[in-house]
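See below for the structure under consideration.
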Amino acid sequence: MKFISLLTLLLVTINITSNSQEYARINSHVTTYQINNSADVEISEYLKVTINSKEAEYLSWFIDYTDKFRKIKKVTITIIDAAGRKIKKVSKMEGTEYGFSSSFEIDDSKLFVLKPDYQNYPYTAEIESEIELTGFISLQPWVPRSRFNVAVDKSTLKVIHPENMKIKILNKTPNDEYSLTSLKGMQTRWYEVSKLDAQAKNKRYKDFYDEQPKVLVSPENFSLEGVEGSFASWKTFGNWFYNLNNNPFELSTETKVYLSSLDRSDKKELIKNIYHYMQDKTRYISIQLGIGGFKSLPTSEVDSYGFGDCKALTTYMKNMLSYTGINSNYILVKAGSDTPDIDKDFPSNQFNHVYLGIPLLSDTVFLECTSQSTPAFYTGKFTDDRYVLWIEKDRSKIIRSTIYDESENLKVNTAEIELNSDGNAKMNVKTTNEGIFYDEIMVYNSAQQDYIKKVNQAKFHHKDFSIDGFEYKQFTRDSICFTSFFDVSINGLGKIVGDRMILPVNMMTPLDELIDVNSAMKYASITRAFTVVDSVKIKLPKDRWIYNLPEAVNVESKFGSYSLDLSHESNYLIINRKVIFNKGDFTKDQFQEFEEYFNEIEKVDNKKLVVNSKT
């Protein structure tokens, strides 16, 4: 599906490293949406921005896309140096078009990039552009400050449309005010904000975005390639998508024979078997030709050729289920691991992906149809815990997607360590990943070996170590769980001090690696609740023994819990550790309470053990 905020997404993903500087200042930014009718929109922009450092150079670029409905008519970029002299000007003919992907898309969209290639900071860029839409379903949200470390002097949005045309507008500016004028049958709304200071990158982008002043604009009635639709409610938009993708299914004889052969006594097992058939037969490829951003390829083509985008593969799966008597529903979602949630009170196109929901008597199960390896009924971090649109004829509605809790999001590390007299060690680790930790297997299934090596190196935090062996296994296809095995050599795990050896209590993952916590900026973010369990068994050298062990520790809090238990038997030291973090974002006064709890358990986590010499 088309990304409705493509330009914003492209810009905010550019790497920003500092946390306090003002990289750029938007002096003036005027955006005009002139909506002439449901299939004719003119978008013009004027941006004057002062670039203070290389980190904000991208703000002097023009980046947008073209497709069947979207044409870039004009672009100019003028560069003004620090002395106020206009020293350079580039125009549309000097820009470059790129295909979005060379291997996984069939697309009439092109990415257009125009860069002035100037880096003598500070300097000012003036960017003027005109874009024409000949069919549209949504407009870019107006977000005056959409990036970290960027200040705004003044930003204005003008929305012009016929007086008799219904336009939906959600105003989230500070004073919720606007100016209104009418002239020659056209109505103009003005929205304006000013004096927005630069904000440091001290939180997740989705939280930063939610706090920003913004205006969302959408037609109540729209037309795309002559197909009329309505955003009067989620129900009316749901009906448009439902009707667009509700053609009678056509399955091949081969597929029908297979479906007819399946045992139908257990619905969940039947669904799994059909899902595996779809996974084994098809592969994902994005298709964005014209209205193809919303309308599925015919099922017969997916069945014949074995490929499709998220809509086509989901429709294929939906139609196979229907053939066996199982009803299912499309679910529209704004997918991504750190993506701002949709505004559930503003019916409009805020989605970029679709998956499948299947209501059963006991529960509802979900299928992600674009992956050839994802277990049945697992959708993962790509679509979890957000508002989504459940598509059902005349009954479409907003629901909350799957939330994986601390009992499901489980990582268990089981380690056996053999320690020698010099403090060096051989460690064998078995790690079991469940729930959202399962997503780590995606790296192992698809990434290059060099990248996998970097990922594995980051799992261990000893100063001097090497990974001598690694493998991973998923024991059943539909298990939301996989196990990895590591053989690790560690130099200096035990520190020799006189006749004693000092060992760390925590030999696995430090607490601050498990969550996003920043004491300097006073925030902690736990996106998903989870549990980590460590069981470590250390074989001590024959000439070493432990005289005394710290007492067991159990700490309970509204933020989670922590337990540590140490014991020894014969020449073995056994360490059991369990950490649970509850979901939440903690800032300001809440952070002080969280920090006290975190410091308390981190103090225990950082304790040392003294191993004595027998000689």
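By convention here, the chains of the structure tokens are called A, B, ... in the order presented, each chain's residues are numbered starting at 1, and ligands are numbered starting at 1 in the order presented.
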
Checklist entry - Which neighbours of Asn247 in chain A fall inside 8 Å, counting only C-alpha atoms, when residues of the same chain fewer than 3 positions from it are skipped, and could you give them as a PyMOL selection string? => result chain A and resi 243-244+298

Checklist entry - Contacts of range 382-394 of chain A at 6 Å or less, counting only C-alpha atoms, minus same-chain residues fewer than 6 places along, as a list in words? => result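 Those residues are Lys235, Gly238, Asn239, Asn329, Tyr330, Ile331, Leu332, Val333, Ala335, Gly336, Ser337, Arg400, Ser401, Thr402 and Ile403 of chain A.
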
Deliver the residues from the most recent selection as a file, using all heavy atoms, as a compact mmCIF listing (two decimals), in the first residue's frame.
# COMPACT_ATOMS: atom_id res chain seq x y z
N LYS A 235 -16.63 3.18 9.01
CA LYS A 235 -17.49 2.20 8.34
C LYS A 235 -17.55 2.46 6.84
O LYS A 235 -17.44 1.53 6.04
CB LYS A 235 -18.90 2.24 8.94
CG LYS A 235 -19.84 1.19 8.35
CD LYS A 235 -21.19 1.19 9.05
CE LYS A 235 -22.04 2.35 8.59
NZ LYS A 235 -23.44 2.26 9.10
N GLY A 238 -14.21 1.62 5.32
CA GLY A 238 -14.10 0.17 5.32
C GLY A 238 -14.89 -0.47 4.20
O GLY A 238 -14.43 -1.42 3.56
N ASN A 239 -16.08 0.07 3.94
CA ASN A 239 -16.90 -0.47 2.83
C ASN A 239 -16.20 -0.26 1.49
O ASN A 239 -16.27 -1.12 0.60
CB ASN A 239 -18.27 0.19 2.82
CG ASN A 239 -19.22 -0.43 3.82
OD1 ASN A 239 -18.97 -1.52 4.35
ND2 ASN A 239 -20.32 0.25 4.09
N ASN A 329 -11.21 -11.55 7.91
CA ASN A 329 -11.38 -10.12 7.70
C ASN A 329 -10.04 -9.43 7.46
O ASN A 329 -9.05 -9.73 8.14
CB ASN A 329 -12.05 -9.47 8.91
CG ASN A 329 -13.44 -10.01 9.16
OD1 ASN A 329 -13.60 -11.10 9.70
ND2 ASN A 329 -14.45 -9.26 8.76
N TYR A 330 -10.03 -8.49 6.50
CA TYR A 330 -8.86 -7.64 6.33
C TYR A 330 -8.68 -6.77 7.57
O TYR A 330 -9.65 -6.37 8.22
CB TYR A 330 -9.02 -6.70 5.13
CG TYR A 330 -9.10 -7.37 3.78
CD1 TYR A 330 -10.29 -7.39 3.06
CD2 TYR A 330 -7.97 -7.94 3.21
CE1 TYR A 330 -10.36 -7.97 1.81
CE2 TYR A 330 -8.02 -8.52 1.95
CZ TYR A 330 -9.22 -8.54 1.25
OH TYR A 330 -9.27 -9.11 0.02
N ILE A 331 -7.41 -6.44 7.87
CA ILE A 331 -7.10 -5.47 8.92
C ILE A 331 -6.09 -4.49 8.34
O ILE A 331 -5.01 -4.88 7.89
CB ILE A 331 -6.50 -6.15 10.17
CG1 ILE A 331 -7.50 -7.15 10.77
CG2 ILE A 331 -6.11 -5.11 11.20
CD1 ILE A 331 -6.93 -7.98 11.90
N LEU A 332 -6.45 -3.20 8.30
CA LEU A 332 -5.54 -2.17 7.82
C LEU A 332 -4.75 -1.62 9.01
O LEU A 332 -5.31 -1.37 10.08
CB LEU A 332 -6.31 -1.04 7.15
CG LEU A 332 -7.10 -1.41 5.89
CD1 LEU A 332 -7.76 -0.17 5.30
CD2 LEU A 332 -6.19 -2.05 4.85
N VAL A 333 -3.44 -1.40 8.80
CA VAL A 333 -2.57 -1.02 9.90
C VAL A 333 -1.50 -0.06 9.40
O VAL A 333 -1.09 -0.11 8.24
CB VAL A 333 -1.91 -2.27 10.53
CG1 VAL A 333 -1.11 -3.05 9.49
CG2 VAL A 333 -1.01 -1.91 11.72
N ALA A 335 1.99 0.13 9.81
CA ALA A 335 2.99 -0.82 10.30
C ALA A 335 4.34 -0.15 10.49
O ALA A 335 4.66 0.86 9.87
CB ALA A 335 3.11 -1.99 9.32
N GLY A 336 5.17 -0.76 11.34
CA GLY A 336 6.51 -0.26 11.61
C GLY A 336 6.83 -0.41 13.09
O GLY A 336 5.92 -0.40 13.93
N SER A 337 8.11 -0.55 13.42
CA SER A 337 8.47 -0.83 14.81
C SER A 337 8.48 0.41 15.70
O SER A 337 8.33 0.32 16.90
CB SER A 337 9.85 -1.50 14.87
OG SER A 337 10.83 -0.67 14.28
N ARG A 400 -7.80 -2.53 18.77
CA ARG A 400 -6.39 -2.52 19.17
C ARG A 400 -5.76 -3.84 18.72
O ARG A 400 -6.34 -4.91 18.90
CB ARG A 400 -6.27 -2.39 20.69
CG ARG A 400 -4.88 -1.94 21.17
CD ARG A 400 -4.62 -0.51 20.85
NE ARG A 400 -3.26 -0.09 21.26
CZ ARG A 400 -2.75 1.09 20.99
NH1 ARG A 400 -3.46 1.99 20.32
NH2 ARG A 400 -1.53 1.41 21.38
N SER A 401 -4.59 -3.75 18.11
CA SER A 401 -3.93 -4.97 17.63
C SER A 401 -3.32 -5.74 18.80
O SER A 401 -3.30 -5.27 19.95
CB SER A 401 -2.86 -4.63 16.59
OG SER A 401 -1.83 -3.84 17.15
N THR A 402 -2.80 -6.90 18.51
CA THR A 402 -2.28 -7.82 19.53
C THR A 402 -1.25 -7.13 20.43
O THR A 402 -0.35 -6.45 19.95
CB THR A 402 -1.62 -9.03 18.85
OG1 THR A 402 -2.59 -9.67 18.01
CG2 THR A 402 -1.12 -10.02 19.89
N ILE A 403 -1.40 -7.35 21.72
CA ILE A 403 -0.41 -6.88 22.70
C ILE A 403 0.25 -8.11 23.31
O ILE A 403 -0.41 -8.96 23.88
CB ILE A 403 -1.06 -6.02 23.80
CG1 ILE A 403 -1.71 -4.77 23.19
CG2 ILE A 403 -0.03 -5.63 24.85
CD1 ILE A 403 -2.49 -3.94 24.19

Checklist entry - Which is closer to Ile436 in chain A than all the others in A:Thr379, A:Asn245, A:Gln350, A:Thr587, using only C-alpha atoms? => result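 Answer, going by the shortest atom-to-atom distance: A:Thr379.
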
Next on the checklist: Just list as a ChimeraX atom specification whatever in range 295-405 of chain A DSSP marks as alpha helix (DSSP H).
Outcome noted: /A:299-305,310-323

Selected residues written out, C-alpha atoms, as a PDB file, in the first residue's frame:
ATOM      1  CA  THR A 299      -6.439 -14.243  -6.776  1.00  0.00           C
ATOM      2  CA  SER A 300      -6.052 -16.219 -10.000  1.00  0.00           C
ATOM      3  CA  GLU A 301      -2.836 -14.336 -10.813  1.00  0.00           C
ATOM      4  CA  VAL A 302      -1.350 -14.916  -7.364  1.00  0.00           C
ATOM      5  CA  ASP A 303      -2.288 -18.594  -7.625  1.00  0.00           C
ATOM      6  CA  SER A 304      -0.706 -18.874 -11.083  1.00  0.00           C
ATOM      7  CA  TYR A 305       2.441 -16.761 -10.725  1.00  0.00           C
ATOM      8  CA  CYS A 310       0.410  -7.486   1.101  1.00  0.00           C
ATOM      9  CA  LYS A 311      -3.124  -7.037  -0.292  1.00  0.00           C
ATOM     10  CA  ALA A 312      -2.788  -9.755  -2.911  1.00  0.00           C
ATOM     11  CA  LEU A 313      -1.293 -12.347  -0.562  1.00  0.00           C
ATOM     12  CA  THR A 314      -3.793 -11.514   2.162  1.00  0.00           C
ATOM     13  CA  THR A 315      -6.642 -11.765  -0.355  1.00  0.00           C
ATOM     14  CA  TYR A 316      -5.270 -15.088  -1.631  1.00  0.00           C
ATOM     15  CA  MET A 317      -5.178 -16.454   1.916  1.00  0.00           C
ATOM     16  CA  LYS A 318      -8.642 -15.022   2.620  1.00  0.00           C
ATOM     17  CA  ASN A 319     -10.127 -16.689  -0.458  1.00  0.00           C
ATOM     18  CA  MET A 320      -8.555 -20.069   0.305  1.00  0.00           C
ATOM     19  CA  LEU A 321     -10.020 -19.905   3.801  1.00  0.00           C
ATOM     20  CA  SER A 322     -13.396 -18.970   2.338  1.00  0.00           C
ATOM     21  CA  TYR A 323     -13.239 -22.005   0.030  1.00  0.00           C
TER      22      TYR A 323
END

Next on the checklist: So that I can check the surroundings of Asp197 in chain A, please list as a PyMOL selection string every protein, DNA and RNA residue that reaches within 8 Å of it, counting only C-alpha atoms and ignoring chain neighbours fewer than 3 positions away.
Outcome noted: chain A and resi 150-152

Let's have the selection written as a PDB file, in the first residue's frame, with N, CA and C atoms.
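Saved the output as again28.pdb:
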ATOM      1  N   VAL A 150      15.442  20.920  15.375  1.00  0.00           N
ATOM      2  CA  VAL A 150      15.070  21.924  14.380  1.00  0.00           C
ATOM      3  C   VAL A 150      14.079  22.896  15.015  1.00  0.00           C
ATOM      4  N   ALA A 151      14.402  24.194  14.974  1.00  0.00           N
ATOM      5  CA  ALA A 151      13.513  25.226  15.491  1.00  0.00           C
ATOM      6  C   ALA A 151      12.664  25.797  14.352  1.00  0.00           C
ATOM      7  N   VAL A 152      11.528  26.387  14.720  1.00  0.00           N
ATOM      8  CA  VAL A 152      10.618  26.956  13.720  1.00  0.00           C
ATOM      9  C   VAL A 152      10.238  28.373  14.144  1.00  0.00           C
TER      10      VAL A 152
END

Nearby residues (only C-alpha atoms) at most 10 Å from Gly423 in chain A, same-chain spacing under 6 positions excluded, as a PDB file with N, CA, C and O atoms, in the first residue's frame:
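The resulting out.pdb:
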ATOM      1  N   ILE A 490      36.273 -16.506  26.897  1.00  0.00           N
ATOM      2  CA  ILE A 490      36.365 -15.212  27.575  1.00  0.00           C
ATOM      3  C   ILE A 490      37.699 -15.134  28.302  1.00  0.00           C
ATOM      4  O   ILE A 490      37.997 -15.970  29.171  1.00  0.00           O
ATOM      5  N   ASN A 491      38.490 -14.156  27.969  1.00  0.00           N
ATOM      6  CA  ASN A 491      39.734 -13.900  28.682  1.00  0.00           C
ATOM      7  C   ASN A 491      39.463 -12.917  29.820  1.00  0.00           C
ATOM      8  O   ASN A 491      38.870 -11.861  29.619  1.00  0.00           O
ATOM      9  N   GLY A 492      39.887 -13.317  31.026  1.00  0.00           N
ATOM     10  CA  GLY A 492      39.753 -12.413  32.165  1.00  0.00           C
ATOM     11  C   GLY A 492      38.353 -12.291  32.715  1.00  0.00           C
ATOM     12  O   GLY A 492      38.001 -11.238  33.248  1.00  0.00           O
ATOM     13  N   LEU A 493      37.528 -13.339  32.584  1.00  0.00           N
ATOM     14  CA  LEU A 493      36.211 -13.293  33.225  1.00  0.00           C
ATOM     15  C   LEU A 493      36.382 -13.110  34.728  1.00  0.00           C
ATOM     16  O   LEU A 493      35.664 -12.330  35.364  1.00  0.00           O
ATOM     17  N   GLY A 494      37.334 -13.842  35.285  1.00  0.00           N
ATOM     18  CA  GLY A 494      37.692 -13.665  36.692  1.00  0.00           C
ATOM     19  C   GLY A 494      38.949 -12.819  36.806  1.00  0.00           C
ATOM     20  O   GLY A 494      39.950 -13.082  36.126  1.00  0.00           O
ATOM     21  N   LYS A 495      38.926 -11.797  37.653  1.00  0.00           N
ATOM     22  CA  LYS A 495      40.069 -10.914  37.827  1.00  0.00           C
ATOM     23  C   LYS A 495      40.892 -11.398  39.035  1.00  0.00           C
ATOM     24  O   LYS A 495      40.336 -11.568  40.138  1.00  0.00           O
ATOM     25  N   ILE A 496      42.182 -11.609  38.826  1.00  0.00           N
ATOM     26  CA  ILE A 496      43.048 -12.078  39.895  1.00  0.00           C
ATOM     27  C   ILE A 496      43.542 -10.880  40.713  1.00  0.00           C
ATOM     28  O   ILE A 496      44.154  -9.952  40.173  1.00  0.00           O
ATOM     29  N   MET A 501      40.147 -14.371  43.392  1.00  0.00           N
ATOM     30  CA  MET A 501      39.610 -14.143  42.052  1.00  0.00           C
ATOM     31  C   MET A 501      38.262 -13.443  42.197  1.00  0.00           C
ATOM     32  O   MET A 501      37.412 -13.891  42.977  1.00  0.00           O
ATOM     33  N   ILE A 502      38.048 -12.364  41.454  1.00  0.00           N
ATOM     34  CA  ILE A 502      36.808 -11.583  41.516  1.00  0.00           C
ATOM     35  C   ILE A 502      35.973 -11.880  40.282  1.00  0.00           C
ATOM     36  O   ILE A 502      36.431 -11.723  39.144  1.00  0.00           O
ATOM     37  N   LEU A 503      34.713 -12.299  40.503  1.00  0.00           N
ATOM     38  CA  LEU A 503      33.784 -12.625  39.407  1.00  0.00           C
ATOM     39  C   LEU A 503      32.590 -11.671  39.419  1.00  0.00           C
ATOM     40  O   LEU A 503      32.124 -11.272  40.499  1.00  0.00           O
ATOM     41  N   LEU A 540      34.197 -24.189  38.984  1.00  0.00           N
ATOM     42  CA  LEU A 540      35.367 -23.492  39.496  1.00  0.00           C
ATOM     43  C   LEU A 540      36.621 -24.357  39.353  1.00  0.00           C
ATOM     44  O   LEU A 540      36.547 -25.596  39.337  1.00  0.00           O
ATOM     45  N   PRO A 541      37.791 -23.740  39.266  1.00  0.00           N
ATOM     46  CA  PRO A 541      39.042 -24.516  39.260  1.00  0.00           C
ATOM     47  C   PRO A 541      39.178 -25.303  40.572  1.00  0.00           C
ATOM     48  O   PRO A 541      38.645 -24.902  41.614  1.00  0.00           O
TER      49      PRO A 541
END

Checklist entry - Do you know which residues are at most 10 Å from range 205-215 of chain A counting only C-alpha atoms, after dropping those on the same chain fewer than 3 positions away, and could you put them as number ranges by chain? => result A: 12-13, 140-148, 157, 169-176, 191-193, 196, 199-202, 337-343, 585

Store the residues picked out above, limited to N, CA, C and O atoms, as a compact mmCIF listing (two decimals), in the first residue's frame.
# COMPACT_ATOMS: atom_id res chain seq x y z
N VAL A 12 12.76 11.81 8.53
CA VAL A 12 13.03 11.58 9.94
C VAL A 12 13.92 10.38 10.15
O VAL A 12 14.49 10.21 11.23
N THR A 13 14.10 9.53 9.15
CA THR A 13 14.97 8.38 9.34
C THR A 13 16.42 8.70 9.07
O THR A 13 17.30 7.88 9.30
N GLN A 140 -0.68 14.89 2.81
CA GLN A 140 0.37 14.83 3.83
C GLN A 140 -0.05 15.60 5.07
O GLN A 140 -0.48 16.75 4.99
N PRO A 141 0.01 15.00 6.27
CA PRO A 141 -0.27 15.78 7.49
C PRO A 141 0.67 16.97 7.58
O PRO A 141 1.86 16.87 7.23
N TRP A 142 0.16 18.09 8.04
CA TRP A 142 0.99 19.28 8.21
C TRP A 142 1.55 19.25 9.62
O TRP A 142 0.83 19.36 10.62
N VAL A 143 2.87 19.08 9.71
CA VAL A 143 3.56 19.00 11.00
C VAL A 143 4.71 20.00 10.94
O VAL A 143 5.77 19.70 10.39
N PRO A 144 4.55 21.21 11.48
CA PRO A 144 5.56 22.27 11.32
C PRO A 144 6.95 21.89 11.82
O PRO A 144 7.95 22.27 11.23
N ARG A 145 7.01 21.14 12.93
CA ARG A 145 8.29 20.70 13.46
C ARG A 145 8.26 19.18 13.54
O ARG A 145 7.82 18.59 14.51
N SER A 146 8.74 18.53 12.48
CA SER A 146 8.63 17.07 12.39
C SER A 146 9.95 16.37 12.64
O SER A 146 10.05 15.16 12.47
N ARG A 147 10.99 17.15 13.04
CA ARG A 147 12.31 16.55 13.24
C ARG A 147 12.91 17.07 14.53
O ARG A 147 12.63 18.20 14.96
N PHE A 148 13.76 16.28 15.13
CA PHE A 148 14.51 16.71 16.31
C PHE A 148 15.52 17.80 15.92
O PHE A 148 15.97 17.87 14.78
N LEU A 157 -0.16 26.90 7.13
CA LEU A 157 -0.89 26.00 6.22
C LEU A 157 -2.12 26.72 5.71
O LEU A 157 -2.89 27.29 6.49
N ILE A 169 -11.04 18.17 8.63
CA ILE A 169 -9.80 18.75 9.15
C ILE A 169 -9.71 18.49 10.65
O ILE A 169 -10.66 18.75 11.39
N LEU A 170 -8.58 17.95 11.07
CA LEU A 170 -8.32 17.74 12.49
C LEU A 170 -7.19 18.70 12.89
O LEU A 170 -6.05 18.56 12.44
N ASN A 171 -7.53 19.68 13.71
CA ASN A 171 -6.59 20.73 14.09
C ASN A 171 -6.00 20.43 15.46
O ASN A 171 -6.71 20.41 16.47
N LYS A 172 -4.69 20.20 15.51
CA LYS A 172 -4.01 19.95 16.78
C LYS A 172 -2.89 20.97 17.00
O LYS A 172 -1.81 20.64 17.46
N THR A 173 -3.18 22.22 16.65
CA THR A 173 -2.24 23.30 16.92
C THR A 173 -2.49 23.81 18.36
O THR A 173 -3.55 23.54 18.93
N PRO A 174 -1.52 24.53 18.95
CA PRO A 174 -1.61 24.87 20.38
C PRO A 174 -2.91 25.56 20.80
O PRO A 174 -3.49 25.24 21.82
N ASN A 175 -3.36 26.51 20.01
CA ASN A 175 -4.57 27.25 20.38
C ASN A 175 -5.82 26.76 19.67
O ASN A 175 -6.91 27.29 19.88
N ASP A 176 -5.64 25.76 18.80
CA ASP A 176 -6.75 25.18 18.06
C ASP A 176 -7.54 26.27 17.31
O ASP A 176 -8.77 26.25 17.24
N TYR A 191 -3.90 28.15 9.02
CA TYR A 191 -3.40 27.64 10.30
C TYR A 191 -1.96 28.11 10.44
O TYR A 191 -1.19 28.08 9.48
N GLU A 192 -1.59 28.54 11.63
CA GLU A 192 -0.25 29.09 11.79
C GLU A 192 0.30 28.79 13.17
O GLU A 192 -0.42 28.84 14.17
N VAL A 193 1.59 28.45 13.22
CA VAL A 193 2.29 28.31 14.49
C VAL A 193 3.60 29.09 14.39
O VAL A 193 4.12 29.31 13.29
N LEU A 196 8.67 27.83 17.76
CA LEU A 196 8.86 26.47 18.26
C LEU A 196 10.35 26.24 18.45
O LEU A 196 11.11 26.30 17.49
N GLN A 199 13.91 20.71 19.71
CA GLN A 199 13.79 19.70 20.75
C GLN A 199 14.88 18.66 20.58
O GLN A 199 15.13 18.18 19.47
N ALA A 200 15.52 18.31 21.70
CA ALA A 200 16.58 17.30 21.66
C ALA A 200 15.99 15.92 21.40
O ALA A 200 14.83 15.65 21.69
N LYS A 201 16.82 15.06 20.85
CA LYS A 201 16.39 13.68 20.59
C LYS A 201 16.52 12.89 21.88
O LYS A 201 17.47 12.14 22.10
N ASN A 202 15.54 13.05 22.76
CA ASN A 202 15.58 12.40 24.06
C ASN A 202 14.41 11.47 24.29
O ASN A 202 14.05 11.17 25.42
N SER A 337 8.11 -0.55 13.42
CA SER A 337 8.47 -0.83 14.81
C SER A 337 8.48 0.41 15.70
O SER A 337 8.33 0.32 16.90
N ASP A 338 8.65 1.60 15.15
CA ASP A 338 8.63 2.85 15.93
C ASP A 338 7.81 3.89 15.17
O ASP A 338 8.27 4.96 14.83
N THR A 339 6.54 3.53 14.91
CA THR A 339 5.69 4.34 14.06
C THR A 339 4.61 5.04 14.88
O THR A 339 3.97 4.40 15.72
N PRO A 340 4.40 6.33 14.69
CA PRO A 340 3.31 7.01 15.40
C PRO A 340 1.98 6.34 15.13
O PRO A 340 1.70 5.90 14.01
N ASP A 341 1.16 6.24 16.16
CA ASP A 341 -0.15 5.59 16.02
C ASP A 341 -1.06 6.47 15.17
O ASP A 341 -0.84 7.67 15.02
N ILE A 342 -2.09 5.86 14.61
CA ILE A 342 -3.08 6.63 13.85
C ILE A 342 -3.95 7.42 14.82
O ILE A 342 -4.00 7.13 16.01
N ASP A 343 -4.63 8.42 14.30
CA ASP A 343 -5.62 9.14 15.08
C ASP A 343 -6.96 8.44 14.87
O ASP A 343 -7.56 8.55 13.79
N ASP A 585 6.32 4.43 29.60
CA ASP A 585 7.25 5.53 29.32
C ASP A 585 7.28 6.42 30.55
O ASP A 585 6.25 6.91 31.00
